[in-house]
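Here is the file final20.pdb (PDB, C-alpha atoms, pLDDT in the B column).
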MODEL        1
ATOM      1  CA  MET B   1      20.963 -36.577 -48.738  1.00 50.00           C
ATOM      2  CA  LYS B   2      18.624 -38.441 -46.360  1.00 46.00           C
ATOM      3  CA  SER B   3      14.953 -38.145 -47.270  1.00 48.00           C
ATOM      4  CA  THR B   4      12.425 -36.768 -44.809  1.00 45.00           C
ATOM      5  CA  ILE B   5       9.473 -38.279 -46.667  1.00 42.00           C
ATOM      6  CA  PRO B   6       7.768 -41.099 -44.718  1.00 45.00           C
ATOM      7  CA  ASP B   7       6.802 -44.213 -46.645  1.00 44.00           C
ATOM      8  CA  ILE B   8       3.239 -44.139 -45.354  1.00 44.00           C
ATOM      9  CA  GLY B   9       0.406 -46.216 -46.689  1.00 37.00           C
ATOM     10  CA  VAL B  10      -2.624 -44.170 -45.659  1.00 38.00           C
ATOM     11  CA  PRO B  11      -5.371 -44.225 -48.331  1.00 36.00           C
ATOM     12  CA  ILE B  12      -5.392 -41.202 -50.543  1.00 31.00           C
ATOM     13  CA  ALA B  13      -8.057 -38.670 -49.556  1.00 39.00           C
ATOM     14  CA  PRO B  14     -10.703 -37.478 -52.027  1.00 40.00           C
ATOM     15  CA  PRO B  15      -9.789 -34.332 -53.983  1.00 42.00           C
ATOM     16  CA  ALA B  16     -10.235 -31.116 -52.035  1.00 47.00           C
ATOM     17  CA  GLY B  17     -12.311 -28.132 -53.158  1.00 49.00           C
ATOM     18  CA  ASN B  18     -11.153 -25.266 -55.323  1.00 50.00           C
ATOM     19  CA  GLY B  19      -8.398 -23.023 -53.999  1.00 48.00           C
ATOM     20  CA  GLY B  20      -8.979 -19.413 -52.999  1.00 46.00           C
ATOM     21  CA  ASP B  21      -6.597 -18.114 -55.657  1.00 45.00           C
ATOM     22  CA  ARG B  22      -9.293 -18.687 -58.285  1.00 44.00           C
ATOM     23  CA  GLN B  23     -11.680 -16.093 -56.875  1.00 44.00           C
ATOM     24  CA  GLU B  24     -10.372 -13.390 -59.176  1.00 34.00           C
ATOM     25  CA  ALA B  25     -10.607 -15.542 -62.292  1.00 49.00           C
ATOM     26  CA  SER B  26     -13.130 -14.633 -64.962  1.00 70.00           C
ATOM     27  CA  LEU B  27     -16.269 -16.716 -65.323  1.00 76.00           C
ATOM     28  CA  HIS B  28     -14.786 -18.422 -68.377  1.00 82.00           C
ATOM     29  CA  GLY B  29     -11.546 -19.088 -66.547  1.00 88.00           C
ATOM     30  CA  GLU B  30     -13.395 -20.484 -63.536  1.00 89.00           C
ATOM     31  CA  ILE B  31     -15.472 -22.808 -65.693  1.00 91.00           C
ATOM     32  CA  LEU B  32     -12.356 -23.967 -67.524  1.00 93.00           C
ATOM     33  CA  LEU B  33     -10.451 -24.620 -64.305  1.00 90.00           C
ATOM     34  CA  ARG B  34     -13.287 -26.607 -62.743  1.00 92.00           C
ATOM     35  CA  LEU B  35     -13.964 -28.594 -65.888  1.00 95.00           C
ATOM     36  CA  ARG B  36     -10.276 -29.351 -66.459  1.00 93.00           C
ATOM     37  CA  ASP B  37      -9.891 -30.545 -62.860  1.00 93.00           C
ATOM     38  CA  TYR B  38     -13.022 -32.684 -63.219  1.00 94.00           C
ATOM     39  CA  VAL B  39     -11.688 -34.414 -66.310  1.00 94.00           C
ATOM     40  CA  VAL B  40      -8.094 -34.722 -65.076  1.00 93.00           C
ATOM     41  CA  GLU B  41      -9.205 -36.291 -61.798  1.00 92.00           C
ATOM     42  CA  GLY B  42     -10.924 -39.141 -63.625  1.00 90.00           C
ATOM     43  CA  ASN B  43     -14.575 -38.339 -63.016  1.00 93.00           C
ATOM     44  CA  ILE B  44     -15.390 -39.320 -66.608  1.00 94.00           C
ATOM     45  CA  PRO B  45     -13.972 -42.673 -67.830  1.00 92.00           C
ATOM     46  CA  ASP B  46     -11.395 -42.815 -70.623  1.00 90.00           C
ATOM     47  CA  GLY B  47     -13.118 -42.881 -73.988  1.00 92.00           C
ATOM     48  CA  ALA B  48     -16.516 -41.968 -72.501  1.00 95.00           C
ATOM     49  CA  ARG B  49     -18.758 -39.245 -73.878  1.00 95.00           C
ATOM     50  CA  VAL B  50     -18.740 -35.938 -72.016  1.00 96.00           C
ATOM     51  CA  PRO B  51     -22.209 -35.585 -70.377  1.00 95.00           C
ATOM     52  CA  GLU B  52     -22.877 -31.960 -71.291  1.00 95.00           C
ATOM     53  CA  ARG B  53     -26.324 -31.661 -69.701  1.00 94.00           C
ATOM     54  CA  GLN B  54     -25.159 -33.046 -66.359  1.00 95.00           C
ATOM     55  CA  LEU B  55     -22.050 -30.870 -66.386  1.00 94.00           C
ATOM     56  CA  CYS B  56     -24.153 -27.779 -67.079  1.00 94.00           C
ATOM     57  CA  GLU B  57     -26.287 -28.618 -64.061  1.00 94.00           C
ATOM     58  CA  MET B  58     -23.251 -29.282 -61.904  1.00 92.00           C
ATOM     59  CA  LEU B  59     -21.530 -26.026 -62.894  1.00 91.00           C
ATOM     60  CA  GLY B  60     -24.720 -23.962 -63.051  1.00 91.00           C
ATOM     61  CA  ILE B  61     -24.086 -22.763 -66.615  1.00 91.00           C
ATOM     62  CA  SER B  62     -25.621 -22.995 -70.084  1.00 92.00           C
ATOM     63  CA  ARG B  63     -24.324 -25.088 -72.991  1.00 91.00           C
ATOM     64  CA  THR B  64     -22.525 -22.175 -74.685  1.00 91.00           C
ATOM     65  CA  PRO B  65     -19.842 -21.473 -72.014  1.00 92.00           C
ATOM     66  CA  LEU B  66     -19.445 -25.212 -71.440  1.00 94.00           C
ATOM     67  CA  ARG B  67     -18.707 -25.824 -75.109  1.00 92.00           C
ATOM     68  CA  GLU B  68     -16.253 -22.937 -75.177  1.00 93.00           C
ATOM     69  CA  ALA B  69     -14.377 -24.585 -72.306  1.00 94.00           C
ATOM     70  CA  LEU B  70     -14.523 -27.959 -74.064  1.00 95.00           C
ATOM     71  CA  LYS B  71     -12.828 -26.412 -77.109  1.00 94.00           C
ATOM     72  CA  VAL B  72      -9.905 -25.378 -74.897  1.00 94.00           C
ATOM     73  CA  LEU B  73      -9.654 -28.865 -73.371  1.00 94.00           C
ATOM     74  CA  ALA B  74      -9.676 -30.329 -76.873  1.00 94.00           C
ATOM     75  CA  ALA B  75      -6.793 -28.034 -77.868  1.00 92.00           C
ATOM     76  CA  GLU B  76      -4.932 -29.218 -74.763  1.00 90.00           C
ATOM     77  CA  GLY B  77      -5.453 -32.844 -75.791  1.00 89.00           C
ATOM     78  CA  LEU B  78      -7.635 -33.904 -72.856  1.00 93.00           C
ATOM     79  CA  ILE B  79     -10.768 -34.538 -74.894  1.00 94.00           C
ATOM     80  CA  GLU B  80     -11.811 -35.089 -78.509  1.00 95.00           C
ATOM     81  CA  LEU B  81     -14.574 -33.125 -80.196  1.00 95.00           C
ATOM     82  CA  LEU B  82     -16.913 -35.303 -82.252  1.00 92.00           C
ATOM     83  CA  PRO B  83     -18.617 -33.646 -85.260  1.00 87.00           C
ATOM     84  CA  ASN B  84     -22.259 -33.066 -84.287  1.00 81.00           C
ATOM     85  CA  ARG B  85     -21.925 -35.638 -81.493  1.00 83.00           C
ATOM     86  CA  GLY B  86     -20.447 -33.710 -78.579  1.00 90.00           C
ATOM     87  CA  ALA B  87     -17.106 -34.737 -77.066  1.00 95.00           C
ATOM     88  CA  ARG B  88     -15.403 -37.662 -75.380  1.00 95.00           C
ATOM     89  CA  VAL B  89     -12.435 -38.070 -73.076  1.00 95.00           C
ATOM     90  CA  ARG B  90      -9.294 -38.890 -75.023  1.00 92.00           C
ATOM     91  CA  GLN B  91      -8.143 -42.464 -74.439  1.00 90.00           C
ATOM     92  CA  LEU B  92      -4.434 -43.231 -74.637  1.00 88.00           C
ATOM     93  CA  SER B  93      -2.961 -46.664 -75.326  1.00 89.00           C
ATOM     94  CA  GLN B  94       0.067 -48.045 -73.523  1.00 91.00           C
ATOM     95  CA  ARG B  95       2.189 -47.205 -76.560  1.00 93.00           C
ATOM     96  CA  ASP B  96       0.839 -43.639 -76.524  1.00 91.00           C
ATOM     97  CA  LEU B  97       1.840 -43.304 -72.870  1.00 92.00           C
ATOM     98  CA  GLU B  98       5.317 -44.680 -73.441  1.00 94.00           C
ATOM     99  CA  GLU B  99       5.989 -42.256 -76.268  1.00 94.00           C
ATOM    100  CA  LEU B 100       4.465 -39.202 -74.581  1.00 93.00           C
ATOM    101  CA  PHE B 101       6.244 -39.742 -71.272  1.00 95.00           C
ATOM    102  CA  ASP B 102       9.568 -40.284 -73.046  1.00 96.00           C
ATOM    103  CA  VAL B 103       9.142 -36.965 -74.876  1.00 96.00           C
ATOM    104  CA  MET B 104       8.177 -35.236 -71.621  1.00 96.00           C
ATOM    105  CA  ALA B 105      11.180 -36.790 -69.881  1.00 97.00           C
ATOM    106  CA  GLY B 106      13.448 -35.359 -72.562  1.00 97.00           C
ATOM    107  CA  LEU B 107      11.861 -31.911 -72.374  1.00 98.00           C
ATOM    108  CA  GLU B 108      11.999 -31.719 -68.576  1.00 98.00           C
ATOM    109  CA  SER B 109      15.559 -33.038 -68.564  1.00 98.00           C
ATOM    110  CA  LEU B 110      16.624 -30.279 -70.946  1.00 98.00           C
ATOM    111  CA  ALA B 111      14.647 -27.699 -68.970  1.00 98.00           C
ATOM    112  CA  GLY B 112      16.444 -28.668 -65.756  1.00 98.00           C
ATOM    113  CA  ARG B 113      19.864 -28.325 -67.367  1.00 98.00           C
ATOM    114  CA  LEU B 114      19.041 -24.925 -68.876  1.00 98.00           C
ATOM    115  CA  ALA B 115      17.319 -23.685 -65.729  1.00 98.00           C
ATOM    116  CA  CYS B 116      20.451 -24.240 -63.671  1.00 98.00           C
ATOM    117  CA  GLU B 117      22.272 -21.842 -66.020  1.00 98.00           C
ATOM    118  CA  ALA B 118      19.715 -19.041 -65.785  1.00 97.00           C
ATOM    119  CA  ILE B 119      17.564 -19.378 -62.668  1.00 98.00           C
ATOM    120  CA  THR B 120      17.613 -16.566 -60.091  1.00 98.00           C
ATOM    121  CA  ASP B 121      17.769 -16.866 -56.313  1.00 98.00           C
ATOM    122  CA  GLU B 122      14.239 -15.466 -56.150  1.00 98.00           C
ATOM    123  CA  GLU B 123      12.943 -18.164 -58.489  1.00 98.00           C
ATOM    124  CA  ILE B 124      14.590 -20.881 -56.424  1.00 98.00           C
ATOM    125  CA  THR B 125      12.992 -19.436 -53.283  1.00 98.00           C
ATOM    126  CA  ALA B 126       9.583 -19.464 -54.986  1.00 98.00           C
ATOM    127  CA  ILE B 127      10.047 -23.116 -56.011  1.00 98.00           C
ATOM    128  CA  GLU B 128      11.108 -23.970 -52.450  1.00 98.00           C
ATOM    129  CA  GLN B 129       7.876 -22.451 -51.155  1.00 98.00           C
ATOM    130  CA  LEU B 130       5.870 -24.481 -53.650  1.00 98.00           C
ATOM    131  CA  HIS B 131       7.747 -27.614 -52.568  1.00 98.00           C
ATOM    132  CA  TYR B 132       6.812 -27.134 -48.910  1.00 97.00           C
ATOM    133  CA  GLU B 133       3.224 -26.339 -49.888  1.00 98.00           C
ATOM    134  CA  MET B 134       3.144 -29.574 -51.879  1.00 97.00           C
ATOM    135  CA  TYR B 135       4.593 -31.476 -48.918  1.00 97.00           C
ATOM    136  CA  GLY B 136       1.761 -30.145 -46.763  1.00 97.00           C
ATOM    137  CA  HIS B 137      -0.798 -31.462 -49.254  1.00 96.00           C
ATOM    138  CA  TYR B 138       1.026 -34.800 -49.229  1.00 94.00           C
ATOM    139  CA  LEU B 139       0.874 -35.065 -45.438  1.00 95.00           C
ATOM    140  CA  HIS B 140      -2.855 -34.269 -45.484  1.00 95.00           C
ATOM    141  CA  ARG B 141      -3.421 -36.784 -48.304  1.00 92.00           C
ATOM    142  CA  ASP B 142      -4.905 -33.994 -50.433  1.00 94.00           C
ATOM    143  CA  MET B 143      -4.304 -35.290 -53.942  1.00 91.00           C
ATOM    144  CA  HIS B 144      -6.034 -32.337 -55.613  1.00 91.00           C
ATOM    145  CA  GLY B 145      -3.865 -29.713 -53.889  1.00 95.00           C
ATOM    146  CA  TYR B 146      -0.745 -31.853 -54.253  1.00 95.00           C
ATOM    147  CA  PHE B 147      -1.173 -32.299 -57.990  1.00 94.00           C
ATOM    148  CA  GLN B 148      -1.923 -28.632 -58.657  1.00 94.00           C
ATOM    149  CA  THR B 149       1.193 -27.518 -56.757  1.00 97.00           C
ATOM    150  CA  ASN B 150       3.294 -30.255 -58.328  1.00 96.00           C
ATOM    151  CA  GLN B 151       2.404 -28.980 -61.792  1.00 95.00           C
ATOM    152  CA  ARG B 152       3.352 -25.440 -60.807  1.00 97.00           C
ATOM    153  CA  ILE B 153       6.807 -26.657 -59.714  1.00 98.00           C
ATOM    154  CA  HIS B 154       7.482 -28.393 -63.007  1.00 98.00           C
ATOM    155  CA  GLU B 155       6.185 -25.396 -64.965  1.00 97.00           C
ATOM    156  CA  SER B 156       8.402 -23.065 -62.908  1.00 98.00           C
ATOM    157  CA  ILE B 157      11.500 -25.082 -63.785  1.00 98.00           C
ATOM    158  CA  VAL B 158      10.540 -25.011 -67.468  1.00 98.00           C
ATOM    159  CA  ALA B 159       9.962 -21.234 -67.281  1.00 98.00           C
ATOM    160  CA  ALA B 160      13.381 -20.771 -65.633  1.00 98.00           C
ATOM    161  CA  ALA B 161      15.016 -22.402 -68.678  1.00 98.00           C
ATOM    162  CA  ARG B 162      14.374 -19.134 -70.597  1.00 98.00           C
ATOM    163  CA  ASN B 163      13.541 -20.989 -73.814  1.00 98.00           C
ATOM    164  CA  GLU B 164      10.196 -20.146 -75.416  1.00 97.00           C
ATOM    165  CA  THR B 165      10.366 -22.989 -77.942  1.00 97.00           C
ATOM    166  CA  LEU B 166      10.893 -25.491 -75.146  1.00 97.00           C
ATOM    167  CA  LYS B 167       8.115 -23.886 -73.082  1.00 96.00           C
ATOM    168  CA  THR B 168       5.634 -24.135 -75.964  1.00 94.00           C
ATOM    169  CA  ALA B 169       6.481 -27.760 -76.710  1.00 94.00           C
ATOM    170  CA  TYR B 170       6.234 -28.633 -73.029  1.00 95.00           C
ATOM    171  CA  ALA B 171       2.783 -27.024 -72.674  1.00 91.00           C
ATOM    172  CA  ASN B 172       1.527 -28.945 -75.697  1.00 88.00           C
ATOM    173  CA  PHE B 173       2.572 -32.350 -74.424  1.00 90.00           C
ATOM    174  CA  ALA B 174       1.779 -31.612 -70.761  1.00 90.00           C
ATOM    175  CA  GLY B 175      -1.886 -31.125 -71.594  1.00 86.00           C
ATOM    176  CA  ARG B 176      -2.106 -34.462 -73.357  1.00 87.00           C
ATOM    177  CA  ILE B 177      -0.873 -36.477 -70.376  1.00 89.00           C
ATOM    178  CA  ARG B 178      -2.105 -34.312 -67.473  1.00 90.00           C
ATOM    179  CA  ARG B 179      -4.949 -36.732 -66.708  1.00 90.00           C
ATOM    180  CA  VAL B 180      -2.664 -39.777 -66.827  1.00 89.00           C
ATOM    181  CA  ARG B 181      -0.010 -38.027 -64.755  1.00 89.00           C
ATOM    182  CA  TYR B 182      -2.630 -37.447 -62.068  1.00 90.00           C
ATOM    183  CA  SER B 183      -3.932 -41.021 -62.097  1.00 84.00           C
ATOM    184  CA  ALA B 184      -0.408 -42.481 -61.883  1.00 84.00           C
ATOM    185  CA  ASN B 185      -0.345 -41.501 -58.203  1.00 80.00           C
ATOM    186  CA  PHE B 186      -3.006 -44.165 -57.579  1.00 76.00           C
ATOM    187  CA  ALA B 187      -0.895 -47.104 -58.775  1.00 68.00           C
ATOM    188  CA  ARG B 188      -1.400 -49.817 -56.167  1.00 60.00           C
ATOM    189  CA  LYS B 189       1.682 -52.020 -56.430  1.00 53.00           C
ATOM    190  CA  ARG B 190       3.976 -49.507 -54.734  1.00 52.00           C
ATOM    191  CA  GLN B 191       3.799 -46.303 -52.763  1.00 73.00           C
ATOM    192  CA  ARG B 192       4.269 -44.055 -55.791  1.00 80.00           C
ATOM    193  CA  TRP B 193       3.186 -40.916 -53.955  1.00 86.00           C
ATOM    194  CA  ALA B 194       5.908 -41.220 -51.292  1.00 88.00           C
ATOM    195  CA  GLU B 195       8.421 -42.142 -54.002  1.00 90.00           C
ATOM    196  CA  ALA B 196       7.511 -39.028 -55.995  1.00 92.00           C
ATOM    197  CA  MET B 197       7.955 -36.802 -52.941  1.00 94.00           C
ATOM    198  CA  ARG B 198      11.451 -38.172 -52.345  1.00 95.00           C
ATOM    199  CA  GLU B 199      12.285 -37.519 -55.993  1.00 97.00           C
ATOM    200  CA  HIS B 200      11.092 -33.928 -55.581  1.00 97.00           C
ATOM    201  CA  GLU B 201      13.422 -33.485 -52.616  1.00 98.00           C
ATOM    202  CA  ALA B 202      16.315 -34.524 -54.873  1.00 98.00           C
ATOM    203  CA  ILE B 203      15.069 -32.141 -57.594  1.00 98.00           C
ATOM    204  CA  LEU B 204      15.027 -29.217 -55.160  1.00 98.00           C
ATOM    205  CA  ASP B 205      18.468 -30.094 -53.771  1.00 98.00           C
ATOM    206  CA  ALA B 206      20.057 -30.200 -57.240  1.00 98.00           C
ATOM    207  CA  LEU B 207      18.312 -26.969 -58.220  1.00 98.00           C
ATOM    208  CA  ARG B 208      19.620 -25.161 -55.133  1.00 98.00           C
ATOM    209  CA  ARG B 209      23.158 -26.230 -56.067  1.00 98.00           C
ATOM    210  CA  ARG B 210      22.536 -25.379 -59.734  1.00 98.00           C
ATOM    211  CA  ALA B 211      23.822 -28.844 -60.610  1.00 98.00           C
ATOM    212  CA  GLY B 212      22.523 -28.919 -64.181  1.00 98.00           C
ATOM    213  CA  SER B 213      23.698 -32.358 -65.260  1.00 98.00           C
ATOM    214  CA  GLU B 214      22.491 -33.953 -62.024  1.00 98.00           C
ATOM    215  CA  LEU B 215      19.095 -32.236 -62.177  1.00 98.00           C
ATOM    216  CA  SER B 216      18.720 -33.265 -65.809  1.00 98.00           C
ATOM    217  CA  ASP B 217      19.230 -36.934 -64.878  1.00 98.00           C
ATOM    218  CA  ILE B 218      16.893 -36.718 -61.870  1.00 98.00           C
ATOM    219  CA  LEU B 219      14.081 -35.167 -63.899  1.00 98.00           C
ATOM    220  CA  PHE B 220      14.462 -37.723 -66.683  1.00 98.00           C
ATOM    221  CA  GLN B 221      14.234 -40.608 -64.206  1.00 97.00           C
ATOM    222  CA  HIS B 222      11.360 -38.892 -62.371  1.00 96.00           C
ATOM    223  CA  LEU B 223       9.310 -38.932 -65.596  1.00 96.00           C
ATOM    224  CA  ARG B 224      10.357 -42.504 -66.353  1.00 95.00           C
ATOM    225  CA  ASN B 225       9.118 -43.573 -62.911  1.00 94.00           C
ATOM    226  CA  LYS B 226       5.890 -41.691 -63.505  1.00 93.00           C
ATOM    227  CA  ARG B 227       5.546 -43.465 -66.847  1.00 93.00           C
ATOM    228  CA  ALA B 228       5.902 -46.885 -65.194  1.00 92.00           C
ATOM    229  CA  ALA B 229       3.272 -45.973 -62.598  1.00 90.00           C
ATOM    230  CA  ALA B 230       0.896 -44.653 -65.258  1.00 89.00           C
ATOM    231  CA  ILE B 231       1.173 -47.850 -67.296  1.00 89.00           C
ATOM    232  CA  GLU B 232       0.725 -49.906 -64.131  1.00 87.00           C
ATOM    233  CA  HIS B 233      -2.446 -47.992 -63.302  1.00 81.00           C
ATOM    234  CA  LEU B 234      -3.673 -48.351 -66.895  1.00 80.00           C
ATOM    235  CA  THR B 235      -3.317 -52.140 -66.868  1.00 80.00           C
ATOM    236  CA  GLU B 236      -4.535 -52.943 -63.348  1.00 72.00           C
ATOM    237  CA  PRO B 237      -8.239 -53.683 -62.667  1.00 62.00           C
ATOM    238  CA  GLN B 238     -10.164 -50.450 -62.183  1.00 55.00           C
ATOM    239  CA  GLU B 239     -12.914 -49.763 -59.709  1.00 53.00           C
ATOM    240  CA  ASP B 240     -16.134 -48.171 -60.869  1.00 43.00           C
ATOM    241  CA  SER B 241     -15.603 -44.570 -61.925  1.00 41.00           C
ATOM    242  CA  PRO B 242     -17.181 -41.904 -59.709  1.00 41.00           C
ATOM    243  CA  ALA B 243     -20.609 -40.762 -60.848  1.00 38.00           C
ATOM    244  CA  LEU B 244     -21.560 -37.234 -61.626  1.00 36.00           C
ATOM    245  CA  PRO B 245     -23.179 -35.490 -58.649  1.00 33.00           C
TER     246      PRO B 245
ENDMDL
END

Kindly return the structure encoded in the file as structure tokens.
Amino acid sequence: MKSTIPDIGVPIAPPAGNGGDRQEASLHGEILLRLRDYVVEGNIPDGARVPERQLCEMLGISRTPLREALKVLAAEGLIELLPNRGARVRQLSQRDLEELFDVMAGLESLAGRLACEAITDEEITAIEQLHYEMYGHYLHRDMHGYFQTNQRIHESIVAAARNETLKTAYANFAGRIRRVRYSANFARKRQRWAEAMREHEAILDALRRRAGSELSDILFQHLRNKRAAAIEHLTEPQEDSPALP
């Protein structure tokens, strides 16, 4: 299958604003979504303390709802709560990344195989729509929108596997590497974003054909490639992290 994804080298655009589908979310849910995005998108350096006062000003909230949201992010593995000292962004070593991505590769590989046995035509259509939405974000260099839609595709495949144990394990590990998975798209030594889009075309093609073994292999390699990019980004010189507004 010939790819339609151009190997373009246009600089990645800054993250876009929040999507309209969040308007109906509760105040707590809205705070959690915005805070999670803020942390995932690298606005606070790895290992750095979470600046609660500045975040409260940015979000227009008090300390209590902020700390409730931080507890959720800690349960997801994005941050660490420090006894009587606030919180800091969880920092992962190269070995941590290797192990976590290998586990995720195994889980997604299994999910793809099982999904091909149980997925409905309607679910495939929904994933197709997400794929084209993601492609639109890619063409507009909208990393925020691209990443959000990308995660929904992977979660949809896991959900289609019809295995609650797998789904729970996946959610646990996905939270711990969500931030790194986002930053891997910024690896400089190759056009990882275009490469990832071509891999997603192959994922969709195998899913349409319900080719379980093929999809399993594609998803495993997709996560392995993401792992390599994440480690590359971890070890390359970093520019100054964006400051809080």

Explicit residue set for the PyMOL selection byres ((chain B and resi 96) around 12), as a PDB file with C-alpha atoms, in the coordinates of the input:
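Output (selection-v7.pdb):
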ATOM      1  CA  ARG B  90      -9.294 -38.890 -75.023  1.00 92.00           C
ATOM      2  CA  GLN B  91      -8.143 -42.464 -74.439  1.00 90.00           C
ATOM      3  CA  LEU B  92      -4.434 -43.231 -74.637  1.00 88.00           C
ATOM      4  CA  SER B  93      -2.961 -46.664 -75.326  1.00 89.00           C
ATOM      5  CA  GLN B  94       0.067 -48.045 -73.523  1.00 91.00           C
ATOM      6  CA  ARG B  95       2.189 -47.205 -76.560  1.00 93.00           C
ATOM      7  CA  LEU B  97       1.840 -43.304 -72.870  1.00 92.00           C
ATOM      8  CA  GLU B  98       5.317 -44.680 -73.441  1.00 94.00           C
ATOM      9  CA  GLU B  99       5.989 -42.256 -76.268  1.00 94.00           C
ATOM     10  CA  LEU B 100       4.465 -39.202 -74.581  1.00 93.00           C
ATOM     11  CA  PHE B 101       6.244 -39.742 -71.272  1.00 95.00           C
ATOM     12  CA  ASP B 102       9.568 -40.284 -73.046  1.00 96.00           C
ATOM     13  CA  VAL B 103       9.142 -36.965 -74.876  1.00 96.00           C
ATOM     14  CA  PHE B 173       2.572 -32.350 -74.424  1.00 90.00           C
ATOM     15  CA  ARG B 176      -2.106 -34.462 -73.357  1.00 87.00           C
ATOM     16  CA  ILE B 177      -0.873 -36.477 -70.376  1.00 89.00           C
ATOM     17  CA  VAL B 180      -2.664 -39.777 -66.827  1.00 89.00           C
ATOM     18  CA  ARG B 227       5.546 -43.465 -66.847  1.00 93.00           C
ATOM     19  CA  ALA B 230       0.896 -44.653 -65.258  1.00 89.00           C
ATOM     20  CA  ILE B 231       1.173 -47.850 -67.296  1.00 89.00           C
ATOM     21  CA  LEU B 234      -3.673 -48.351 -66.895  1.00 80.00           C
TER      22      LEU B 234
END

**OP:** Name the closest residue to Ile31 (chain B) among the candidates B:Gly60, B:Gly86, B:Gly145, B:Gly47; distances are taken between atoms, counting all atoms listed in the file.
**Re:** B:Gly60

**OP:** Please evaluate the PyMOL selection byres ((chain B and resi 200) around 12) against the structure above and give the resulting residues as a ChimeraX atom specification.
**Re:** /B:3-5,127-128,130-132,134-135,138,149-151,153-154,193-199,201-207,215,218-219,221-223

Original post:
So which residues get picked by the PyMOL selection byres ((chain B and resi 185) around 9) here, written as number ranges by chain?
Top reply: B: 143, 181-184, 186-188, 191-193, 196, 226, 229-230, 233

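Our summary of the geometry notes that CA of Glu41 (chain B) is positioned 9.7 Å from CA of Phe147 (chain B).
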
Subject >> Residue nearest Leu73 (chain B) among B:Ala48, B:Cys116, B:Leu33, B:Ala160 (counting only C-alpha atoms) >> reply: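 Residue with the minimum atom-to-atom distance to Leu73 (chain B): B:Leu33.
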
Original post:
With all atoms listed in the file as the basis for distance, which of B:Glu123, B:Glu52, B:Glu164, B:Glu214 is at the shortest distance from Leu66 (chain B)?
Top reply: B:Glu52
